[in-house]
Amino acid sequence: MKKILIVLLFITALLLTACGGAAEPTEAPEAPVATEAPVVEEEEVEEVEEMAPVELRFSYYADGVEADVMQPLLDAFMAENPDITVVLDVVPYATIDEQLPIQVETGEGPDMARITNFGAYSGKLLDLREYLADAAFYEANFPPPILSALGYGGYPDAFTVTGPYVNVTLFEQAGVDLLGEGATWAEWTEATKAVAEATGVQYAISIDRTGHRFAGPALSMGATLIDADGNFTVADLGAFAEVLNGWHEDGITPSEVWLVGDSLNNCIDYFKSGDLVMCMTGSWQINGLASDVGDAFDWAVVPNPTGDGGSTGVAGGSAVVAFADTEHPEAVAKVMEFLIQTENYSAFSAGTLALPAHTGAAAAGVDFLTEDASVLGALAAYTAEVPKLTDAAAGLNVHPYAFAYYRNSANRIAQYLAGEMTLVEALENLQQDIDDAIAEAGG
């Protein structure tokens with residue numbers, strides 16, 4: 001850190017002028033009075049203390065290449081700020097989801113972390129605005145509801161949207177046209193079923209076993225989920241639950257996804273292997289599809305099916321946050337401010353193939369590091385889904401009690417699909433689960 005030297009000099013000058021006439025003096029002139037030379041005082045030099053070397057711990061999970069892209073950015077930061085060392089601790093997502101909240105609660109947490117459950121850290125994040133050199137830039141470049149949900153203690157590093165992938169090659173082989181904007185879930189069910197029958201593929205259609213993925217189709221079919229007062233209400237989730245149940249009854253979906261339990265809770269592996277025509281998941285799968293499928297078949301993202309509630313996926317994503325109990329808030333803020341600069345944020349988006357949540361980066365355009373036409377098409381398709389998000393779809397992931405819905409919804413729906421409960425019973429129990437979880441959390 002540069003030392004700043006401030007020296008203030010006060011210079012006093014005496015200007016003596018004399019004016020005399022020709023008249024004779026009436027008395028002897030007085031002897032001149034001795035005077036002291038003016039003293040110029042120099043203020044003490046005030047120095048800004050150089051920041052002592054600090055080490056920051058950054059707990060980080062990665063779905064794919066995120067850590068590989070983040071590390072060079074941190075290396076660049078440390079080159080510019082040699083007094084700050086940032087240690088990137090890459091951990092499994094389960095550690096972030098299950099252990100990090102406990103670590104933070106007991107004061108044993110890191111300085112920073114990458115998280116998805118915003119509500120778990122309410123009141124525990126560092127308000128960055130008083131430490132940033134340009135807080136206005138920070139606030140201007142990220143969605144206000146997300147910054148508010150984070151208590152201005154971080155920023156969304158990647159924006160995700162749920163939506164369906166289809167195997168384009170199978171559609172072409174079957175001679176079935178791809179459906180477009182405005183198609184319903186019933187129409188997609190029939191189309192994928194026809195493709196599976198024509199090509200001999202085992203499964204037609206599936207959706208990940210999570211309340212997050214389930215919410216988009218349910219909202220599109222008219223569900224409320226979050227009412228005008230911000231409360232969860234699940235009584236009208238039944239329409240899509242019945243569609244999902246029909247897939248199981250017809251044997252056109254892999255039952256293992258929903259009926260085995262959490263050990264297998266997604267449809268993407270069936271899709272990658274070419275055994276599934278359509279998989280309802282999300283934008284975070286783009287990287288994996290690009291690397292795992294390669295040129296085995298052509299795939300694409302299609303618009304979310306339409307219903308009485310519109311055509312919506314669910315917004316989500318991760319955030320990089322700073323914790324309020326860090327011993328080095330100024331250093332943490334320096335790291336954060338570096339990472340949110342447009343060029344650095346864009347580099348992260350480009351390298352991870354993630355949709356940017358940064359206004360400046362999005363406006364400038366991200367030069368995604370891929371020449372894969374399927375990937376570029378998928379990114380464009382998911383970007384087109386963003387303006388269609390309903391309020392509930394945009395607000396679900398940042399709702400302070402989203403965890404109450406997420407952790408209970410899949411199990412209750414699965415109980416209905418397995419025949420252990422009627423649909424009404426499953427939804428009544430789910431509502432009670434959510435209410436109890438919120439009450440236990442002090443809501």
# chains A, B, ... in the order shown; residues from 1 in each chain; ligands from 1
$ residues_around --residues "region 369-375 of chain A" --least-positions-apart "3" --cutoff "12 Å" --atoms "only C-alpha atoms" --output "VMD selection string"
chain A and resid 69 165 to 168 283 to 291 293 to 295 297 to 302 346 to 355 366 378 to 382
$ select_by_dssp --residues "region 81-235 of chain A" --states "helix (DSSP H, G or I)" --output "number ranges by chain"
A: 93-105, 118-121, 128-130, 135-140, 144-149, 168-174, 185-199, 211-220
$ closest_residue --among "A:Leu259, A:Ala361, A:Leu219, A:Leu376" --to "Thr306 (chain A)" --atoms "only C-alpha atoms"
A:Leu219
$ closest_residue --among "A:Asp292, A:His248, A:Asp97, A:Asp127" --to "Gly64 (chain A)" --atoms "only C-alpha atoms"
A:Asp292
$ closest_residue --among "A:Ser318, A:Asn344, A:Asn81, A:Thr312" --to "Ala384 (chain A)" --atoms "only C-alpha atoms"
A:Thr312
$ residues_around --residues "region 388-395 of chain A" --least-positions-apart "6" --cutoff "8 Å" --atoms "only C-alpha atoms" --output "mmCIF file with N, CA and C atoms, in the first residue's frame"
data_model
loop_
_atom_site.group_PDB
_atom_site.id
_atom_site.type_symbol
_atom_site.label_atom_id
_atom_site.label_comp_id
_atom_site.auth_asym_id
_atom_site.auth_seq_id
_atom_site.Cartn_x
_atom_site.Cartn_y
_atom_site.Cartn_z
ATOM 1 N N ALA A 215 -41.422 -26.892 -9.306
ATOM 2 C CA ALA A 215 -42.151 -25.627 -9.150
ATOM 3 C C ALA A 215 -42.462 -24.951 -10.475
ATOM 4 N N GLY A 216 -41.533 -24.981 -11.436
ATOM 5 C CA GLY A 216 -41.770 -24.298 -12.704
ATOM 6 C C GLY A 216 -42.988 -24.820 -13.440
ATOM 7 N N LEU A 219 -46.200 -23.961 -11.470
ATOM 8 C CA LEU A 219 -46.598 -22.564 -11.623
ATOM 9 C C LEU A 219 -47.175 -22.314 -13.010
ATOM 10 N N THR A 224 -50.191 -21.444 -7.215
ATOM 11 C CA THR A 224 -49.851 -20.169 -6.581
ATOM 12 C C THR A 224 -48.470 -20.231 -5.951
ATOM 13 N N LEU A 225 -48.249 -21.206 -5.127
ATOM 14 C CA LEU A 225 -47.012 -21.500 -4.388
ATOM 15 C C LEU A 225 -46.665 -20.425 -3.367
ATOM 16 N N ILE A 226 -46.542 -19.164 -3.800
ATOM 17 C CA ILE A 226 -46.276 -18.059 -2.870
ATOM 18 C C ILE A 226 -47.364 -17.017 -3.071
ATOM 19 N N GLY A 310 -48.968 -19.456 -17.371
ATOM 20 C CA GLY A 310 -47.933 -18.915 -18.233
ATOM 21 C C GLY A 310 -46.934 -19.967 -18.662
ATOM 22 N N SER A 311 -45.736 -19.532 -18.958
ATOM 23 C CA SER A 311 -44.643 -20.415 -19.370
ATOM 24 C C SER A 311 -43.429 -19.987 -18.579
ATOM 25 N N THR A 312 -43.159 -20.684 -17.491
ATOM 26 C CA THR A 312 -42.096 -20.216 -16.611
ATOM 27 C C THR A 312 -41.249 -21.349 -16.073
ATOM 28 N N GLY A 313 -39.976 -21.081 -16.001
ATOM 29 C CA GLY A 313 -39.085 -21.926 -15.231
ATOM 30 C C GLY A 313 -38.972 -21.304 -13.854
ATOM 31 N N VAL A 314 -37.936 -21.647 -13.123
ATOM 32 C CA VAL A 314 -37.690 -21.048 -11.813
ATOM 33 C C VAL A 314 -36.270 -20.492 -11.806
ATOM 34 N N ALA A 315 -36.160 -19.264 -11.352
ATOM 35 C CA ALA A 315 -34.838 -18.644 -11.272
ATOM 36 C C ALA A 315 -34.090 -19.196 -10.073
ATOM 37 N N GLY A 316 -32.813 -19.219 -10.202
ATOM 38 C CA GLY A 316 -32.000 -19.684 -9.085
ATOM 39 C C GLY A 316 -30.569 -19.256 -9.301
#
$ residues_around --residues "Ala404 (chain A)" --least-positions-apart "6" --cutoff "7 Å" --atoms "only C-alpha atoms" --output "PyMOL selection string"
chain A and resi 434+437-438
$ write_last_selection --atoms "N, CA and C atoms" --output "PDB file, in the first residue's frame"
ATOM      1  N   ILE A 434     -44.236 -27.499   5.833  1.00  0.00           N
ATOM      2  CA  ILE A 434     -43.696 -26.160   5.582  1.00  0.00           C
ATOM      3  C   ILE A 434     -44.000 -25.237   6.752  1.00  0.00           C
ATOM      4  N   ALA A 437     -41.809 -26.146   9.720  1.00  0.00           N
ATOM      5  CA  ALA A 437     -40.407 -25.766   9.532  1.00  0.00           C
ATOM      6  C   ALA A 437     -40.199 -24.266   9.708  1.00  0.00           C
ATOM      7  N   ILE A 438     -41.148 -23.478   9.214  1.00  0.00           N
ATOM      8  CA  ILE A 438     -41.061 -22.038   9.342  1.00  0.00           C
ATOM      9  C   ILE A 438     -41.203 -21.631  10.815  1.00  0.00           C
TER      10      ILE A 438
END
$ select_by_dssp --residues "region 43-200 of chain A" --states "strand (DSSP E)" --output "PyMOL selection string"
chain A and resi 54-60+84-90+112-115+154-167
$ closest_residue --among "A:Ile413, A:Asp134, A:Gly365, A:Gly317" --to "Leu244 (chain A)" --atoms "only C-alpha atoms"
A:Ile413
$ closest_residue --among "A:Ala196, A:Ala324, A:Ala410, A:Leu178" --to "Trp258 (chain A)" --atoms "only C-alpha atoms"
A:Ala410
$ residues_around --residues "Pro329 (chain A)" --least-positions-apart "5" --cutoff "9 Å" --atoms "only C-alpha atoms" --output "PyMOL selection string"
chain A and resi 111+126+128+131+322-324+334
$ write_last_selection --atoms "C-alpha atoms" --output "mmCIF file, in the first residue's frame"
data_model
loop_
_atom_site.group_PDB
_atom_site.id
_atom_site.type_symbol
_atom_site.label_atom_id
_atom_site.label_comp_id
_atom_site.auth_asym_id
_atom_site.auth_seq_id
_atom_site.Cartn_x
_atom_site.Cartn_y
_atom_site.Cartn_z
ATOM 1 C CA ASP A 111 -14.401 -15.302 5.569
ATOM 2 C CA LEU A 126 -21.274 -8.480 6.003
ATOM 3 C CA LEU A 128 -20.328 -4.571 1.956
ATOM 4 C CA TYR A 131 -16.382 -0.993 2.777
ATOM 5 C CA ALA A 322 -18.874 -12.424 2.949
ATOM 6 C CA PHE A 323 -19.566 -13.223 6.578
ATOM 7 C CA ALA A 324 -20.085 -10.480 9.143
ATOM 8 C CA LYS A 334 -11.358 -5.666 -1.735
#
$ residues_around --residues "Gln341 (chain A)" --least-positions-apart "4" --cutoff "12 Å" --atoms "only C-alpha atoms" --output "PDB file with N, CA and C atoms, in the first residue's frame"
ATOM      1  N   LEU A  73      -8.675 -15.900 -11.338  1.00  0.00           N
ATOM      2  CA  LEU A  73      -9.138 -14.560 -10.964  1.00  0.00           C
ATOM      3  C   LEU A  73      -8.577 -14.171  -9.600  1.00  0.00           C
ATOM      4  N   PHE A  77      -5.982 -11.157  -8.498  1.00  0.00           N
ATOM      5  CA  PHE A  77      -6.233 -10.255  -7.380  1.00  0.00           C
ATOM      6  C   PHE A  77      -5.032 -10.217  -6.446  1.00  0.00           C
ATOM      7  N   LEU A 132     -16.900  -0.902   0.392  1.00  0.00           N
ATOM      8  CA  LEU A 132     -16.563  -0.837  -1.020  1.00  0.00           C
ATOM      9  C   LEU A 132     -16.160   0.572  -1.430  1.00  0.00           C
ATOM     10  N   ALA A 133     -15.221   0.659  -2.357  1.00  0.00           N
ATOM     11  CA  ALA A 133     -14.816   1.977  -2.866  1.00  0.00           C
ATOM     12  C   ALA A 133     -15.920   2.596  -3.713  1.00  0.00           C
ATOM     13  N   ASP A 134     -16.711   1.748  -4.374  1.00  0.00           N
ATOM     14  CA  ASP A 134     -17.802   2.228  -5.232  1.00  0.00           C
ATOM     15  C   ASP A 134     -19.038   1.374  -4.989  1.00  0.00           C
ATOM     16  N   ALA A 135     -19.735   1.660  -3.910  1.00  0.00           N
ATOM     17  CA  ALA A 135     -20.927   0.895  -3.564  1.00  0.00           C
ATOM     18  C   ALA A 135     -22.041   1.101  -4.583  1.00  0.00           C
ATOM     19  N   PHE A 137     -21.775   1.288  -7.814  1.00  0.00           N
ATOM     20  CA  PHE A 137     -21.555   0.339  -8.905  1.00  0.00           C
ATOM     21  C   PHE A 137     -22.087  -1.036  -8.534  1.00  0.00           C
ATOM     22  N   TYR A 138     -21.823  -1.439  -7.319  1.00  0.00           N
ATOM     23  CA  TYR A 138     -22.301  -2.728  -6.793  1.00  0.00           C
ATOM     24  C   TYR A 138     -23.821  -2.804  -6.850  1.00  0.00           C
ATOM     25  N   ALA A 140     -25.900  -1.008  -8.574  1.00  0.00           N
ATOM     26  CA  ALA A 140     -26.474  -0.781  -9.902  1.00  0.00           C
ATOM     27  C   ALA A 140     -26.402  -2.007 -10.803  1.00  0.00           C
ATOM     28  N   ASN A 141     -25.537  -2.960 -10.467  1.00  0.00           N
ATOM     29  CA  ASN A 141     -25.282  -4.052 -11.398  1.00  0.00           C
ATOM     30  C   ASN A 141     -25.890  -5.403 -11.027  1.00  0.00           C
ATOM     31  N   PHE A 142     -26.644  -5.452  -9.935  1.00  0.00           N
ATOM     32  CA  PHE A 142     -27.265  -6.718  -9.552  1.00  0.00           C
ATOM     33  C   PHE A 142     -28.734  -6.500  -9.179  1.00  0.00           C
ATOM     34  N   TYR A 155     -22.861 -11.191  -3.796  1.00  0.00           N
ATOM     35  CA  TYR A 155     -23.403 -10.959  -5.134  1.00  0.00           C
ATOM     36  C   TYR A 155     -23.697 -12.291  -5.802  1.00  0.00           C
ATOM     37  N   ASP A 157     -23.228 -14.925  -8.406  1.00  0.00           N
ATOM     38  CA  ASP A 157     -22.144 -15.150  -9.365  1.00  0.00           C
ATOM     39  C   ASP A 157     -22.611 -15.875 -10.618  1.00  0.00           C
ATOM     40  N   LYS A 334     -12.251  -5.840  -0.582  1.00  0.00           N
ATOM     41  CA  LYS A 334     -11.358  -5.666  -1.735  1.00  0.00           C
ATOM     42  C   LYS A 334     -11.495  -6.835  -2.710  1.00  0.00           C
ATOM     43  N   VAL A 335     -11.571  -8.041  -2.179  1.00  0.00           N
ATOM     44  CA  VAL A 335     -11.741  -9.219  -3.033  1.00  0.00           C
ATOM     45  C   VAL A 335     -13.074  -9.142  -3.773  1.00  0.00           C
ATOM     46  N   MET A 336     -14.118  -8.834  -3.037  1.00  0.00           N
ATOM     47  CA  MET A 336     -15.445  -8.748  -3.631  1.00  0.00           C
ATOM     48  C   MET A 336     -15.487  -7.684  -4.736  1.00  0.00           C
ATOM     49  N   GLU A 337     -14.904  -6.531  -4.446  1.00  0.00           N
ATOM     50  CA  GLU A 337     -14.948  -5.455  -5.424  1.00  0.00           C
ATOM     51  C   GLU A 337     -14.185  -5.835  -6.699  1.00  0.00           C
ATOM     52  N   TYR A 345     -16.096 -10.334 -13.834  1.00  0.00           N
ATOM     53  CA  TYR A 345     -17.348 -11.089 -13.777  1.00  0.00           C
ATOM     54  C   TYR A 345     -17.611 -11.759 -15.119  1.00  0.00           C
ATOM     55  N   SER A 346     -17.381 -11.034 -16.208  1.00  0.00           N
ATOM     56  CA  SER A 346     -17.589 -11.591 -17.547  1.00  0.00           C
ATOM     57  C   SER A 346     -16.673 -12.781 -17.801  1.00  0.00           C
ATOM     58  N   ALA A 347     -15.437 -12.700 -17.299  1.00  0.00           N
ATOM     59  CA  ALA A 347     -14.497 -13.802 -17.472  1.00  0.00           C
ATOM     60  C   ALA A 347     -15.001 -15.054 -16.773  1.00  0.00           C
ATOM     61  N   PHE A 348     -15.595 -14.884 -15.598  1.00  0.00           N
ATOM     62  CA  PHE A 348     -16.152 -16.034 -14.877  1.00  0.00           C
ATOM     63  C   PHE A 348     -17.328 -16.622 -15.655  1.00  0.00           C
ATOM     64  N   HIS A 358     -25.133 -10.043 -13.725  1.00  0.00           N
ATOM     65  CA  HIS A 358     -24.493  -8.731 -13.653  1.00  0.00           C
ATOM     66  C   HIS A 358     -24.978  -7.893 -14.837  1.00  0.00           C
ATOM     67  N   THR A 359     -25.626  -6.781 -14.554  1.00  0.00           N
ATOM     68  CA  THR A 359     -26.217  -5.952 -15.603  1.00  0.00           C
ATOM     69  C   THR A 359     -25.181  -5.496 -16.621  1.00  0.00           C
ATOM     70  N   GLY A 360     -24.049  -5.019 -16.138  1.00  0.00           N
ATOM     71  CA  GLY A 360     -23.016  -4.534 -17.044  1.00  0.00           C
ATOM     72  C   GLY A 360     -22.458  -5.626 -17.930  1.00  0.00           C
ATOM     73  N   ALA A 361     -22.232  -6.807 -17.343  1.00  0.00           N
ATOM     74  CA  ALA A 361     -21.698  -7.928 -18.114  1.00  0.00           C
ATOM     75  C   ALA A 361     -22.701  -8.386 -19.165  1.00  0.00           C
TER      76      ALA A 361
END
$ atom_distance --atom1 "CA of Glu80 (chain A)" --atom2 "CA of Leu147 (chain A)"
27.0 Å
$ closest_residue --among "A:Glu425, A:Glu197, A:Glu330, A:Glu440" --to "Arg129 (chain A)" --atoms "only C-alpha atoms"
A:Glu330
$ residues_around --residues "Trp185 (chain A)" --least-positions-apart "3" --cutoff "7 Å" --atoms "only C-alpha atoms" --output "list in words"
Trp188, Thr189 and Pro305 of chain A
$ atom_distance --atom1 "CA of Glu428 (chain A)" --atom2 "CA of Val257 (chain A)"
23.2 Å
